[in-house]
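Below: structure36.cif (mmCIF, N, CA and C atoms)
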```
data_model
#
loop_
_atom_site.label_atom_id
_atom_site.label_comp_id
_atom_site.auth_asym_id
_atom_site.auth_seq_id
_atom_site.Cartn_x
_atom_site.Cartn_y
_atom_site.Cartn_z
N MET A 1 38.64 -33.82 -9.05
CA MET A 1 37.31 -33.37 -8.65
C MET A 1 36.29 -33.65 -9.75
N HIS A 2 36.71 -33.55 -11.02
CA HIS A 2 35.78 -33.82 -12.11
C HIS A 2 35.27 -35.26 -12.07
N LYS A 3 36.15 -36.20 -11.69
CA LYS A 3 35.74 -37.59 -11.59
C LYS A 3 34.70 -37.76 -10.49
N ILE A 4 34.88 -37.06 -9.39
CA ILE A 4 33.92 -37.14 -8.29
C ILE A 4 32.57 -36.59 -8.74
N ILE A 5 32.59 -35.44 -9.41
CA ILE A 5 31.34 -34.84 -9.89
C ILE A 5 30.65 -35.78 -10.88
N ALA A 6 31.43 -36.37 -11.79
CA ALA A 6 30.85 -37.30 -12.76
C ALA A 6 30.26 -38.51 -12.05
N ALA A 7 30.95 -39.01 -11.04
CA ALA A 7 30.44 -40.18 -10.31
C ALA A 7 29.16 -39.85 -9.57
N ILE A 8 29.12 -38.69 -8.94
CA ILE A 8 27.91 -38.29 -8.21
C ILE A 8 26.76 -38.08 -9.17
N ALA A 9 27.03 -37.41 -10.28
CA ALA A 9 25.97 -37.20 -11.28
C ALA A 9 25.48 -38.53 -11.82
N GLY A 10 26.37 -39.52 -11.88
CA GLY A 10 25.99 -40.84 -12.36
C GLY A 10 24.94 -41.50 -11.49
N VAL A 11 24.87 -41.14 -10.23
CA VAL A 11 23.85 -41.69 -9.34
C VAL A 11 22.46 -41.37 -9.90
N ALA A 12 22.30 -40.15 -10.39
CA ALA A 12 21.01 -39.76 -10.96
C ALA A 12 20.70 -40.59 -12.19
N LEU A 13 21.70 -40.83 -13.02
CA LEU A 13 21.48 -41.62 -14.22
C LEU A 13 21.16 -43.07 -13.88
N MET A 14 21.80 -43.59 -12.85
CA MET A 14 21.53 -44.96 -12.44
C MET A 14 20.10 -45.11 -11.96
N SER A 15 19.55 -44.05 -11.45
CA SER A 15 18.21 -44.10 -10.88
C SER A 15 17.13 -44.27 -11.94
N VAL A 16 17.50 -44.20 -13.22
CA VAL A 16 16.53 -44.37 -14.29
C VAL A 16 15.81 -45.71 -14.12
N ALA A 17 16.54 -46.70 -13.65
CA ALA A 17 15.94 -48.02 -13.46
C ALA A 17 14.79 -47.98 -12.48
N PHE A 18 14.77 -46.99 -11.62
CA PHE A 18 13.71 -46.89 -10.62
C PHE A 18 12.53 -46.05 -11.10
N ALA A 19 12.67 -45.41 -12.24
CA ALA A 19 11.64 -44.49 -12.71
C ALA A 19 10.28 -45.16 -12.66
N GLY A 20 9.29 -44.42 -12.24
CA GLY A 20 7.94 -44.93 -12.17
C GLY A 20 7.54 -45.29 -10.75
N GLU A 21 8.49 -45.65 -9.92
CA GLU A 21 8.16 -45.98 -8.54
C GLU A 21 9.09 -45.20 -7.62
N MET A 22 8.72 -43.96 -7.39
CA MET A 22 9.54 -43.09 -6.56
C MET A 22 9.00 -43.12 -5.13
N ALA A 23 9.91 -43.13 -4.19
CA ALA A 23 9.55 -43.18 -2.79
C ALA A 23 9.19 -41.80 -2.26
N THR A 24 8.55 -41.78 -1.13
CA THR A 24 8.16 -40.53 -0.47
C THR A 24 9.21 -40.16 0.58
N PRO A 25 9.22 -38.90 1.00
CA PRO A 25 10.10 -38.53 2.11
C PRO A 25 9.85 -39.35 3.37
N ASP A 26 8.60 -39.70 3.66
CA ASP A 26 8.31 -40.53 4.84
C ASP A 26 8.98 -41.91 4.73
N GLU A 27 8.99 -42.47 3.53
CA GLU A 27 9.65 -43.76 3.32
C GLU A 27 11.17 -43.62 3.46
N ALA A 28 11.71 -42.48 3.00
CA ALA A 28 13.15 -42.23 3.16
C ALA A 28 13.51 -42.12 4.63
N LYS A 29 12.70 -41.42 5.41
CA LYS A 29 12.97 -41.29 6.85
C LYS A 29 12.92 -42.66 7.52
N ALA A 30 11.94 -43.47 7.18
CA ALA A 30 11.82 -44.80 7.79
C ALA A 30 13.05 -45.65 7.46
N MET A 31 13.54 -45.58 6.22
CA MET A 31 14.72 -46.35 5.86
C MET A 31 15.97 -45.82 6.57
N SER A 32 16.05 -44.51 6.73
CA SER A 32 17.18 -43.92 7.45
C SER A 32 17.18 -44.40 8.90
N GLU A 33 16.03 -44.46 9.52
CA GLU A 33 15.92 -44.95 10.89
C GLU A 33 16.31 -46.43 10.96
N LYS A 34 15.91 -47.20 9.96
CA LYS A 34 16.27 -48.61 9.88
C LYS A 34 17.80 -48.77 9.72
N ALA A 35 18.40 -47.89 8.93
CA ALA A 35 19.86 -47.93 8.73
C ALA A 35 20.59 -47.60 10.03
N GLN A 36 20.09 -46.60 10.76
CA GLN A 36 20.70 -46.26 12.05
C GLN A 36 20.65 -47.47 12.99
N GLY A 37 19.51 -48.14 13.01
CA GLY A 37 19.37 -49.33 13.84
C GLY A 37 20.34 -50.43 13.43
N ALA A 38 20.57 -50.56 12.14
CA ALA A 38 21.50 -51.59 11.65
C ALA A 38 22.92 -51.28 12.10
N VAL A 39 23.36 -50.02 11.94
CA VAL A 39 24.71 -49.65 12.36
C VAL A 39 24.86 -49.83 13.87
N ASN A 40 23.89 -49.34 14.62
CA ASN A 40 23.96 -49.44 16.08
C ASN A 40 23.89 -50.89 16.55
N GLY A 41 23.14 -51.72 15.84
CA GLY A 41 22.92 -53.09 16.27
C GLY A 41 23.96 -54.10 15.82
N MET A 42 24.44 -53.95 14.59
CA MET A 42 25.37 -54.97 14.05
C MET A 42 26.75 -54.41 13.73
N GLY A 43 26.91 -53.11 13.88
CA GLY A 43 28.18 -52.50 13.55
C GLY A 43 28.23 -52.07 12.09
N SER A 44 29.09 -51.11 11.81
CA SER A 44 29.13 -50.53 10.47
C SER A 44 29.56 -51.51 9.40
N GLU A 45 30.51 -52.38 9.70
CA GLU A 45 31.02 -53.30 8.67
C GLU A 45 29.90 -54.18 8.12
N LYS A 46 29.14 -54.80 9.01
CA LYS A 46 28.03 -55.66 8.57
C LYS A 46 26.90 -54.83 7.97
N ALA A 47 26.64 -53.66 8.55
CA ALA A 47 25.57 -52.80 8.03
C ALA A 47 25.88 -52.36 6.60
N PHE A 48 27.14 -51.97 6.34
CA PHE A 48 27.51 -51.52 4.99
C PHE A 48 27.30 -52.63 3.96
N VAL A 49 27.56 -53.87 4.34
CA VAL A 49 27.32 -55.00 3.44
C VAL A 49 25.83 -55.11 3.15
N ALA A 50 25.01 -54.99 4.17
CA ALA A 50 23.55 -55.05 3.99
C ALA A 50 23.06 -53.90 3.11
N PHE A 51 23.59 -52.70 3.33
CA PHE A 51 23.16 -51.54 2.55
C PHE A 51 23.46 -51.75 1.06
N ALA A 52 24.59 -52.39 0.75
CA ALA A 52 25.01 -52.57 -0.65
C ALA A 52 24.29 -53.73 -1.34
N ASP A 53 23.72 -54.64 -0.57
CA ASP A 53 23.05 -55.82 -1.12
C ASP A 53 21.65 -55.44 -1.61
N PRO A 54 21.38 -55.61 -2.91
CA PRO A 54 20.03 -55.27 -3.41
C PRO A 54 18.91 -56.03 -2.68
N ASP A 55 19.24 -57.17 -2.09
CA ASP A 55 18.25 -57.95 -1.35
C ASP A 55 18.43 -57.82 0.17
N GLY A 56 19.20 -56.82 0.60
CA GLY A 56 19.50 -56.66 2.01
C GLY A 56 18.48 -55.87 2.79
N GLY A 57 17.43 -55.39 2.11
CA GLY A 57 16.37 -54.65 2.79
C GLY A 57 16.61 -53.15 2.89
N PHE A 58 17.64 -52.65 2.21
CA PHE A 58 17.95 -51.23 2.27
C PHE A 58 17.97 -50.57 0.90
N GLN A 59 17.34 -51.21 -0.08
CA GLN A 59 17.19 -50.62 -1.42
C GLN A 59 15.77 -50.94 -1.88
N GLU A 60 14.92 -49.94 -1.80
CA GLU A 60 13.52 -50.09 -2.21
C GLU A 60 13.13 -48.89 -3.06
N LYS A 61 12.37 -49.16 -4.11
CA LYS A 61 12.00 -48.10 -5.06
C LYS A 61 13.27 -47.38 -5.47
N ASP A 62 13.36 -46.06 -5.30
CA ASP A 62 14.58 -45.33 -5.65
C ASP A 62 15.42 -45.01 -4.41
N LEU A 63 15.12 -45.64 -3.29
CA LEU A 63 15.82 -45.38 -2.04
C LEU A 63 17.07 -46.24 -1.90
N TYR A 64 18.08 -45.68 -1.29
CA TYR A 64 19.30 -46.39 -0.92
C TYR A 64 19.96 -45.60 0.21
N VAL A 65 20.86 -46.24 0.92
CA VAL A 65 21.54 -45.64 2.07
C VAL A 65 22.93 -45.18 1.66
N PHE A 66 23.31 -44.00 2.14
CA PHE A 66 24.69 -43.53 2.04
C PHE A 66 25.13 -43.13 3.44
N CYS A 67 26.41 -43.29 3.73
CA CYS A 67 26.95 -42.92 5.04
C CYS A 67 28.23 -42.11 4.85
N MET A 68 28.40 -41.11 5.72
CA MET A 68 29.51 -40.18 5.60
C MET A 68 30.02 -39.83 6.99
N ASP A 69 31.33 -39.59 7.10
CA ASP A 69 31.84 -39.13 8.38
C ASP A 69 31.66 -37.61 8.49
N ASN A 70 31.91 -37.07 9.65
CA ASN A 70 31.66 -35.65 9.88
C ASN A 70 32.74 -34.74 9.30
N ASP A 71 33.71 -35.32 8.61
CA ASP A 71 34.69 -34.53 7.84
C ASP A 71 34.31 -34.46 6.37
N GLY A 72 33.28 -35.22 5.97
CA GLY A 72 32.83 -35.20 4.59
C GLY A 72 33.30 -36.37 3.74
N VAL A 73 33.89 -37.39 4.36
CA VAL A 73 34.36 -38.55 3.62
C VAL A 73 33.24 -39.59 3.53
N MET A 74 32.93 -40.02 2.31
CA MET A 74 31.91 -41.03 2.10
C MET A 74 32.42 -42.37 2.62
N LEU A 75 31.65 -42.99 3.51
CA LEU A 75 32.03 -44.26 4.12
C LEU A 75 31.36 -45.45 3.44
N SER A 76 30.15 -45.22 2.94
CA SER A 76 29.38 -46.29 2.30
C SER A 76 28.40 -45.64 1.34
N HIS A 77 28.26 -46.22 0.16
CA HIS A 77 27.29 -45.73 -0.82
C HIS A 77 26.78 -46.93 -1.58
N ALA A 78 25.51 -47.25 -1.40
CA ALA A 78 24.93 -48.45 -1.97
C ALA A 78 24.96 -48.48 -3.49
N LYS A 79 24.88 -47.35 -4.12
CA LYS A 79 24.79 -47.29 -5.59
C LYS A 79 26.08 -46.88 -6.27
N LYS A 80 26.96 -46.21 -5.57
CA LYS A 80 28.22 -45.73 -6.15
C LYS A 80 29.38 -46.03 -5.20
N PRO A 81 29.78 -47.30 -5.11
CA PRO A 81 30.87 -47.64 -4.18
C PRO A 81 32.18 -46.92 -4.49
N GLU A 82 32.35 -46.45 -5.72
CA GLU A 82 33.58 -45.72 -6.06
C GLU A 82 33.69 -44.39 -5.34
N LEU A 83 32.61 -43.91 -4.72
CA LEU A 83 32.67 -42.68 -3.94
C LEU A 83 33.23 -42.90 -2.54
N VAL A 84 33.26 -44.16 -2.09
CA VAL A 84 33.76 -44.46 -0.76
C VAL A 84 35.23 -44.03 -0.66
N GLY A 85 35.51 -43.29 0.40
CA GLY A 85 36.86 -42.77 0.63
C GLY A 85 37.07 -41.37 0.07
N LYS A 86 36.12 -40.87 -0.71
CA LYS A 86 36.23 -39.52 -1.30
C LYS A 86 35.67 -38.49 -0.33
N ASN A 87 36.35 -37.35 -0.24
CA ASN A 87 35.84 -36.25 0.57
C ASN A 87 34.96 -35.37 -0.33
N LEU A 88 33.69 -35.31 0.01
CA LEU A 88 32.70 -34.59 -0.78
C LEU A 88 32.17 -33.35 -0.07
N LYS A 89 32.83 -32.95 0.99
CA LYS A 89 32.34 -31.84 1.82
C LYS A 89 32.08 -30.58 0.99
N ASP A 90 32.93 -30.28 0.02
CA ASP A 90 32.81 -29.04 -0.74
C ASP A 90 32.02 -29.20 -2.04
N PHE A 91 31.38 -30.35 -2.26
CA PHE A 91 30.59 -30.55 -3.47
C PHE A 91 29.46 -29.53 -3.52
N ASN A 92 29.35 -28.86 -4.68
CA ASN A 92 28.31 -27.82 -4.84
C ASN A 92 28.02 -27.64 -6.33
N LYS A 93 27.57 -28.68 -6.97
CA LYS A 93 27.30 -28.61 -8.41
C LYS A 93 25.95 -27.96 -8.72
N TYR A 94 24.99 -28.08 -7.82
CA TYR A 94 23.62 -27.65 -8.12
C TYR A 94 23.17 -26.47 -7.26
N GLY A 95 24.12 -25.75 -6.68
CA GLY A 95 23.78 -24.52 -5.98
C GLY A 95 23.56 -24.66 -4.49
N ASP A 96 23.93 -25.80 -3.92
CA ASP A 96 23.83 -25.91 -2.48
C ASP A 96 24.94 -26.81 -1.95
N THR A 97 25.26 -26.59 -0.70
CA THR A 97 26.33 -27.35 -0.05
C THR A 97 25.70 -28.46 0.78
N LEU A 98 25.07 -29.40 0.11
CA LEU A 98 24.28 -30.42 0.77
C LEU A 98 25.07 -31.24 1.78
N PHE A 99 26.31 -31.59 1.46
CA PHE A 99 27.07 -32.41 2.41
C PHE A 99 27.50 -31.60 3.63
N GLN A 100 27.81 -30.33 3.46
CA GLN A 100 28.09 -29.48 4.61
C GLN A 100 26.84 -29.35 5.48
N ASP A 101 25.70 -29.23 4.83
CA ASP A 101 24.44 -29.14 5.57
C ASP A 101 24.15 -30.44 6.33
N MET A 102 24.47 -31.58 5.71
CA MET A 102 24.27 -32.87 6.37
C MET A 102 25.19 -33.00 7.58
N ILE A 103 26.44 -32.57 7.43
CA ILE A 103 27.39 -32.62 8.55
C ILE A 103 26.89 -31.73 9.69
N ALA A 104 26.33 -30.57 9.36
CA ALA A 104 25.80 -29.67 10.39
C ALA A 104 24.65 -30.34 11.16
N VAL A 105 23.80 -31.08 10.47
CA VAL A 105 22.73 -31.80 11.15
C VAL A 105 23.32 -32.89 12.04
N SER A 106 24.28 -33.62 11.49
CA SER A 106 24.90 -34.72 12.24
C SER A 106 25.59 -34.24 13.51
N THR A 107 26.33 -33.14 13.41
CA THR A 107 27.09 -32.64 14.55
C THR A 107 26.26 -31.74 15.46
N GLY A 108 25.08 -31.34 14.98
CA GLY A 108 24.18 -30.52 15.80
C GLY A 108 23.13 -31.40 16.47
N PRO A 109 21.90 -31.36 15.94
CA PRO A 109 20.84 -32.13 16.58
C PRO A 109 21.00 -33.65 16.43
N GLY A 110 21.79 -34.09 15.45
CA GLY A 110 22.00 -35.52 15.27
C GLY A 110 21.01 -36.19 14.34
N GLU A 111 19.95 -35.47 14.00
CA GLU A 111 18.99 -35.99 13.04
C GLU A 111 18.18 -34.85 12.46
N GLY A 112 17.72 -35.05 11.23
CA GLY A 112 16.88 -34.04 10.59
C GLY A 112 16.95 -34.10 9.08
N TRP A 113 16.15 -33.25 8.47
CA TRP A 113 16.04 -33.19 7.01
C TRP A 113 17.05 -32.20 6.45
N VAL A 114 17.60 -32.52 5.29
CA VAL A 114 18.44 -31.61 4.53
C VAL A 114 17.85 -31.53 3.13
N ASP A 115 17.49 -30.32 2.73
CA ASP A 115 16.91 -30.09 1.40
C ASP A 115 17.99 -29.62 0.44
N TYR A 116 17.90 -30.05 -0.80
CA TYR A 116 18.87 -29.67 -1.82
C TYR A 116 18.28 -29.93 -3.20
N LYS A 117 19.00 -29.52 -4.21
CA LYS A 117 18.59 -29.73 -5.60
C LYS A 117 19.42 -30.88 -6.17
N TRP A 118 18.75 -31.72 -6.99
CA TRP A 118 19.43 -32.88 -7.57
C TRP A 118 18.76 -33.25 -8.89
N PRO A 119 19.51 -33.75 -9.86
CA PRO A 119 18.88 -34.13 -11.14
C PRO A 119 17.85 -35.23 -10.93
N TYR A 120 16.72 -35.08 -11.59
CA TYR A 120 15.66 -36.08 -11.51
C TYR A 120 16.06 -37.26 -12.39
N PRO A 121 15.87 -38.49 -11.91
CA PRO A 121 16.26 -39.66 -12.69
C PRO A 121 15.69 -39.66 -14.10
N GLY A 122 16.57 -39.91 -15.05
CA GLY A 122 16.16 -40.02 -16.45
C GLY A 122 16.04 -38.70 -17.18
N SER A 123 16.43 -37.60 -16.53
CA SER A 123 16.33 -36.30 -17.19
C SER A 123 17.45 -35.39 -16.71
N ASP A 124 17.53 -34.22 -17.33
CA ASP A 124 18.48 -33.20 -16.89
C ASP A 124 17.82 -32.19 -15.96
N GLU A 125 16.53 -32.40 -15.69
CA GLU A 125 15.78 -31.47 -14.85
C GLU A 125 16.25 -31.55 -13.41
N ILE A 126 16.52 -30.38 -12.82
CA ILE A 126 16.94 -30.31 -11.43
C ILE A 126 15.69 -30.13 -10.57
N LYS A 127 15.52 -31.01 -9.60
CA LYS A 127 14.33 -30.98 -8.74
C LYS A 127 14.74 -30.92 -7.28
N GLU A 128 13.76 -30.59 -6.46
CA GLU A 128 13.97 -30.53 -5.01
C GLU A 128 14.00 -31.95 -4.46
N LYS A 129 15.01 -32.19 -3.64
CA LYS A 129 15.16 -33.49 -2.99
C LYS A 129 15.44 -33.23 -1.51
N THR A 130 15.16 -34.21 -0.68
CA THR A 130 15.40 -34.09 0.74
C THR A 130 15.93 -35.41 1.25
N SER A 131 16.89 -35.35 2.16
CA SER A 131 17.43 -36.56 2.78
C SER A 131 17.27 -36.46 4.29
N TYR A 132 16.90 -37.59 4.88
CA TYR A 132 16.82 -37.65 6.34
C TYR A 132 18.13 -38.19 6.85
N ILE A 133 18.79 -37.42 7.71
CA ILE A 133 20.12 -37.69 8.22
C ILE A 133 20.00 -38.11 9.69
N LEU A 134 20.68 -39.19 10.03
CA LEU A 134 20.70 -39.67 11.42
C LEU A 134 22.13 -40.06 11.80
N SER A 135 22.61 -39.50 12.91
CA SER A 135 23.88 -39.94 13.47
C SER A 135 23.68 -41.28 14.14
N ASN A 136 24.78 -41.98 14.37
CA ASN A 136 24.68 -43.29 15.01
C ASN A 136 25.72 -43.41 16.12
N SER A 137 25.72 -44.56 16.77
CA SER A 137 26.59 -44.77 17.93
C SER A 137 28.07 -44.84 17.56
N GLU A 138 28.39 -44.97 16.27
CA GLU A 138 29.79 -45.03 15.84
C GLU A 138 30.35 -43.65 15.47
N GLY A 139 29.50 -42.61 15.54
CA GLY A 139 29.99 -41.25 15.35
C GLY A 139 29.97 -40.71 13.94
N PHE A 140 29.29 -41.38 13.03
CA PHE A 140 29.10 -40.85 11.68
C PHE A 140 27.60 -40.81 11.41
N PHE A 141 27.20 -40.44 10.20
CA PHE A 141 25.78 -40.39 9.89
C PHE A 141 25.49 -41.15 8.61
N CYS A 142 24.25 -41.56 8.50
CA CYS A 142 23.72 -42.15 7.27
C CYS A 142 22.49 -41.35 6.88
N GLY A 143 22.20 -41.39 5.61
CA GLY A 143 21.03 -40.69 5.10
C GLY A 143 20.37 -41.46 3.99
N VAL A 144 19.12 -41.11 3.76
CA VAL A 144 18.34 -41.66 2.66
C VAL A 144 17.53 -40.50 2.11
N GLY A 145 17.54 -40.34 0.78
CA GLY A 145 16.88 -39.20 0.16
C GLY A 145 15.71 -39.58 -0.72
N ALA A 146 14.77 -38.62 -0.86
CA ALA A 146 13.61 -38.77 -1.72
C ALA A 146 13.30 -37.43 -2.36
N TYR A 147 12.74 -37.49 -3.56
CA TYR A 147 12.31 -36.27 -4.22
C TYR A 147 11.04 -35.76 -3.57
N LYS A 148 10.92 -34.43 -3.52
CA LYS A 148 9.74 -33.82 -2.90
C LYS A 148 8.57 -33.82 -3.86
#
```
Mind turning the file's structure into structure tokens?
Amino acid sequence: MHKIIAAIAGVALMSVAFAGEMATPDEAKAMSEKAQGAVNGMGSEKAFVAFADPDGGFQEKDLYVFCMDNDGVMLSHAKKPELVGKNLKDFNKYGDTLFQDMIAVSTGPGEGWVDYKWPYPGSDEIKEKTSYILSNSEGFFCGVGAYK
């Protein structure tokens, strides 16, 4: 579990490269909708390749796509591929059960915002972040997050 926590925390550190050009929640929602369209249109295998490609149209500013099944297993992560296959359902390092909340959105309305706390890129400061979650025709969800 410590390796998983370290890997997830590393996402925040990797985001230092994006510092200065942070996306808005509206941009995160638009990318999440675009990701849903990619999965529904080309299938998850091809979509996951596009999500991971820096030139694939799914990595802009500090935005990237992550996808998870409704059991909490990470299926695709553009910035931390080592998380793929890991069950993160019980992750709660910063005081919230963000992945459980995302699963609840996916299995309930199928789309919506999930708010949580996450380290701000380049610092140890914990800030409010929100991800727009959308289920797709293959039965899992993808999300894209932005700081508030």
>> As an exercise, work out the distance from atom CA of Leu63 of chain A to atom N of Val105 of chain A in Å and give it to one decimal place.
In response: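 Spanning atom CA of Leu63 of chain A to atom N of Val105 of chain A is a straight-line distance of 20.6 Å.
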> Skipping near chain neighbours, those fewer than 5 positions away, what residues fall within 8 Å of Gly37 of chain A using only N, CA and C atoms, listed as a PyMOL selection string?
Replying inline: chain A and resi 31-32+42-43+47+136
>> I'd like to see the residues matched by the PyMOL selection byres ((chain A and resi 126-135) around 6.5) on this file, and ideally I'd get them as a PyMOL selection string.
In response: chain A and resi 28-29+32+36+106+110-120+123-125+136-148
> How far is it from atom CA of Ala52 of chain A to atom CA of Ala78 of chain A, in Å with one decimal?
Replying inline: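 Here the two named atoms are 4.3 Å from each other.
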>> Starting from the PyMOL selection byres ((chain A and resi 68) around 8), expand the selection into actual residues of this file and give them as a ChimeraX atom specification.
In response: /A:65-67,69-77,103,139-143
Please give the centre and size of the box around segment 30-47 of chain A (axis-aligned, containing every atom listed in the file, 8 Å added per side), with values in Å to one decimal and written as JSON.
```
{"center_x": 21.4, "center_y": -49.6, "center_z": 11.2, "size_x": 35.2, "size_y": 28.2, "size_z": 26.7}
```
>> Give me, as a PyMOL selection string, the residues of chain A that a backbone DSSP run labels strand (DSSP E or B).
In response: chain A and resi 60+63+66-68+73-77+87+111-119+126-135+141-147
Can I get the selected residues back with N, CA and C atoms, as a JSON list (two decimals), keeping the file's coordinate frame?
```json
[["chain", "number", "residue", "atom", "x", "y", "z"],
["A", 60, "GLU", "N", 14.92, -49.94, -1.80],
["A", 60, "GLU", "CA", 13.52, -50.09, -2.21],
["A", 60, "GLU", "C", 13.13, -48.89, -3.06],
["A", 63, "LEU", "N", 15.12, -45.64, -3.29],
["A", 63, "LEU", "CA", 15.82, -45.38, -2.04],
["A", 63, "LEU", "C", 17.07, -46.24, -1.90],
["A", 66, "PHE", "N", 23.31, -44.00, 2.14],
["A", 66, "PHE", "CA", 24.69, -43.53, 2.04],
["A", 66, "PHE", "C", 25.13, -43.13, 3.44],
["A", 67, "CYS", "N", 26.41, -43.29, 3.73],
["A", 67, "CYS", "CA", 26.95, -42.92, 5.04],
["A", 67, "CYS", "C", 28.23, -42.11, 4.85],
["A", 68, "MET", "N", 28.40, -41.11, 5.72],
["A", 68, "MET", "CA", 29.51, -40.18, 5.60],
["A", 68, "MET", "C", 30.02, -39.83, 6.99],
["A", 73, "VAL", "N", 33.89, -37.39, 4.36],
["A", 73, "VAL", "CA", 34.36, -38.55, 3.62],
["A", 73, "VAL", "C", 33.24, -39.59, 3.53],
["A", 74, "MET", "N", 32.93, -40.02, 2.31],
["A", 74, "MET", "CA", 31.91, -41.03, 2.10],
["A", 74, "MET", "C", 32.42, -42.37, 2.62],
["A", 75, "LEU", "N", 31.65, -42.99, 3.51],
["A", 75, "LEU", "CA", 32.03, -44.26, 4.12],
["A", 75, "LEU", "C", 31.36, -45.45, 3.44],
["A", 76, "SER", "N", 30.15, -45.22, 2.94],
["A", 76, "SER", "CA", 29.38, -46.29, 2.30],
["A", 76, "SER", "C", 28.40, -45.64, 1.34],
["A", 77, "HIS", "N", 28.26, -46.22, 0.16],
["A", 77, "HIS", "CA", 27.29, -45.73, -0.82],
["A", 77, "HIS", "C", 26.78, -46.93, -1.58],
["A", 87, "ASN", "N", 36.35, -37.35, -0.24],
["A", 87, "ASN", "CA", 35.84, -36.25, 0.57],
["A", 87, "ASN", "C", 34.96, -35.37, -0.33],
["A", 111, "GLU", "N", 19.95, -35.47, 14.00],
["A", 111, "GLU", "CA", 18.99, -35.99, 13.04],
["A", 111, "GLU", "C", 18.18, -34.85, 12.46],
["A", 112, "GLY", "N", 17.72, -35.05, 11.23],
["A", 112, "GLY", "CA", 16.88, -34.04, 10.59],
["A", 112, "GLY", "C", 16.95, -34.10, 9.08],
["A", 113, "TRP", "N", 16.15, -33.25, 8.47],
["A", 113, "TRP", "CA", 16.04, -33.19, 7.01],
["A", 113, "TRP", "C", 17.05, -32.20, 6.45],
["A", 114, "VAL", "N", 17.60, -32.52, 5.29],
["A", 114, "VAL", "CA", 18.44, -31.61, 4.53],
["A", 114, "VAL", "C", 17.85, -31.53, 3.13],
["A", 115, "ASP", "N", 17.49, -30.32, 2.73],
["A", 115, "ASP", "CA", 16.91, -30.09, 1.40],
["A", 115, "ASP", "C", 17.99, -29.62, 0.44],
["A", 116, "TYR", "N", 17.90, -30.05, -0.80],
["A", 116, "TYR", "CA", 18.87, -29.67, -1.82],
["A", 116, "TYR", "C", 18.28, -29.93, -3.20],
["A", 117, "LYS", "N", 19.00, -29.52, -4.21],
["A", 117, "LYS", "CA", 18.59, -29.73, -5.60],
["A", 117, "LYS", "C", 19.42, -30.88, -6.17],
["A", 118, "TRP", "N", 18.75, -31.72, -6.99],
["A", 118, "TRP", "CA", 19.43, -32.88, -7.57],
["A", 118, "TRP", "C", 18.76, -33.25, -8.89],
["A", 119, "PRO", "N", 19.51, -33.75, -9.86],
["A", 119, "PRO", "CA", 18.88, -34.13, -11.14],
["A", 119, "PRO", "C", 17.85, -35.23, -10.93],
["A", 126, "ILE", "N", 16.52, -30.38, -12.82],
["A", 126, "ILE", "CA", 16.94, -30.31, -11.43],
["A", 126, "ILE", "C", 15.69, -30.13, -10.57],
["A", 127, "LYS", "N", 15.52, -31.01, -9.60],
["A", 127, "LYS", "CA", 14.33, -30.98, -8.74],
["A", 127, "LYS", "C", 14.74, -30.92, -7.28],
["A", 128, "GLU", "N", 13.76, -30.59, -6.46],
["A", 128, "GLU", "CA", 13.97, -30.53, -5.01],
["A", 128, "GLU", "C", 14.00, -31.95, -4.46],
["A", 129, "LYS", "N", 15.01, -32.19, -3.64],
["A", 129, "LYS", "CA", 15.16, -33.49, -2.99],
["A", 129, "LYS", "C", 15.44, -33.23, -1.51],
["A", 130, "THR", "N", 15.16, -34.21, -0.68],
["A", 130, "THR", "CA", 15.40, -34.09, 0.74],
["A", 130, "THR", "C", 15.93, -35.41, 1.25],
["A", 131, "SER", "N", 16.89, -35.35, 2.16],
["A", 131, "SER", "CA", 17.43, -36.56, 2.78],
["A", 131, "SER", "C", 17.27, -36.46, 4.29],
["A", 132, "TYR", "N", 16.90, -37.59, 4.88],
["A", 132, "TYR", "CA", 16.82, -37.65, 6.34],
["A", 132, "TYR", "C", 18.13, -38.19, 6.85],
["A", 133, "ILE", "N", 18.79, -37.42, 7.71],
["A", 133, "ILE", "CA", 20.12, -37.69, 8.22],
["A", 133, "ILE", "C", 20.00, -38.11, 9.69],
["A", 134, "LEU", "N", 20.68, -39.19, 10.03],
["A", 134, "LEU", "CA", 20.70, -39.67, 11.42],
["A", 134, "LEU", "C", 22.13, -40.06, 11.80],
["A", 135, "SER", "N", 22.61, -39.50, 12.91],
["A", 135, "SER", "CA", 23.88, -39.94, 13.47],
["A", 135, "SER", "C", 23.68, -41.28, 14.14],
["A", 141, "PHE", "N", 27.20, -40.44, 10.20],
["A", 141, "PHE", "CA", 25.78, -40.39, 9.89],
["A", 141, "PHE", "C", 25.49, -41.15, 8.61],
["A", 142, "CYS", "N", 24.25, -41.56, 8.50],
["A", 142, "CYS", "CA", 23.72, -42.15, 7.27],
["A", 142, "CYS", "C", 22.49, -41.35, 6.88],
["A", 143, "GLY", "N", 22.20, -41.39, 5.61],
["A", 143, "GLY", "CA", 21.03, -40.69, 5.10],
["A", 143, "GLY", "C", 20.37, -41.46, 3.99],
["A", 144, "VAL", "N", 19.12, -41.11, 3.76],
["A", 144, "VAL", "CA", 18.34, -41.66, 2.66],
["A", 144, "VAL", "C", 17.53, -40.50, 2.11],
["A", 145, "GLY", "N", 17.54, -40.34, 0.78],
["A", 145, "GLY", "CA", 16.88, -39.20, 0.16],
["A", 145, "GLY", "C", 15.71, -39.58, -0.72],
["A", 146, "ALA", "N", 14.77, -38.62, -0.86],
["A", 146, "ALA", "CA", 13.61, -38.77, -1.72],
["A", 146, "ALA", "C", 13.30, -37.43, -2.36],
["A", 147, "TYR", "N", 12.74, -37.49, -3.56],
["A", 147, "TYR", "CA", 12.31, -36.27, -4.22],
["A", 147, "TYR", "C", 11.04, -35.76, -3.57]]
```
> Between A:Pro54, A:Tyr64, A:Met22, A:Thr107, which is the closest to Lys34 of chain A once you count only C-alpha atoms?
Replying inline: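 Nearest candidate to Lys34 of chain A out of A:Pro54, A:Tyr64, A:Met22, A:Thr107: A:Tyr64.
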> Would you give me, as number ranges by chain, the residues in segment 27-132 of chain A that DSSP reads as helix (DSSP H, G or I)?
Replying inline: A: 27-42, 44-52, 81-83, 98-107
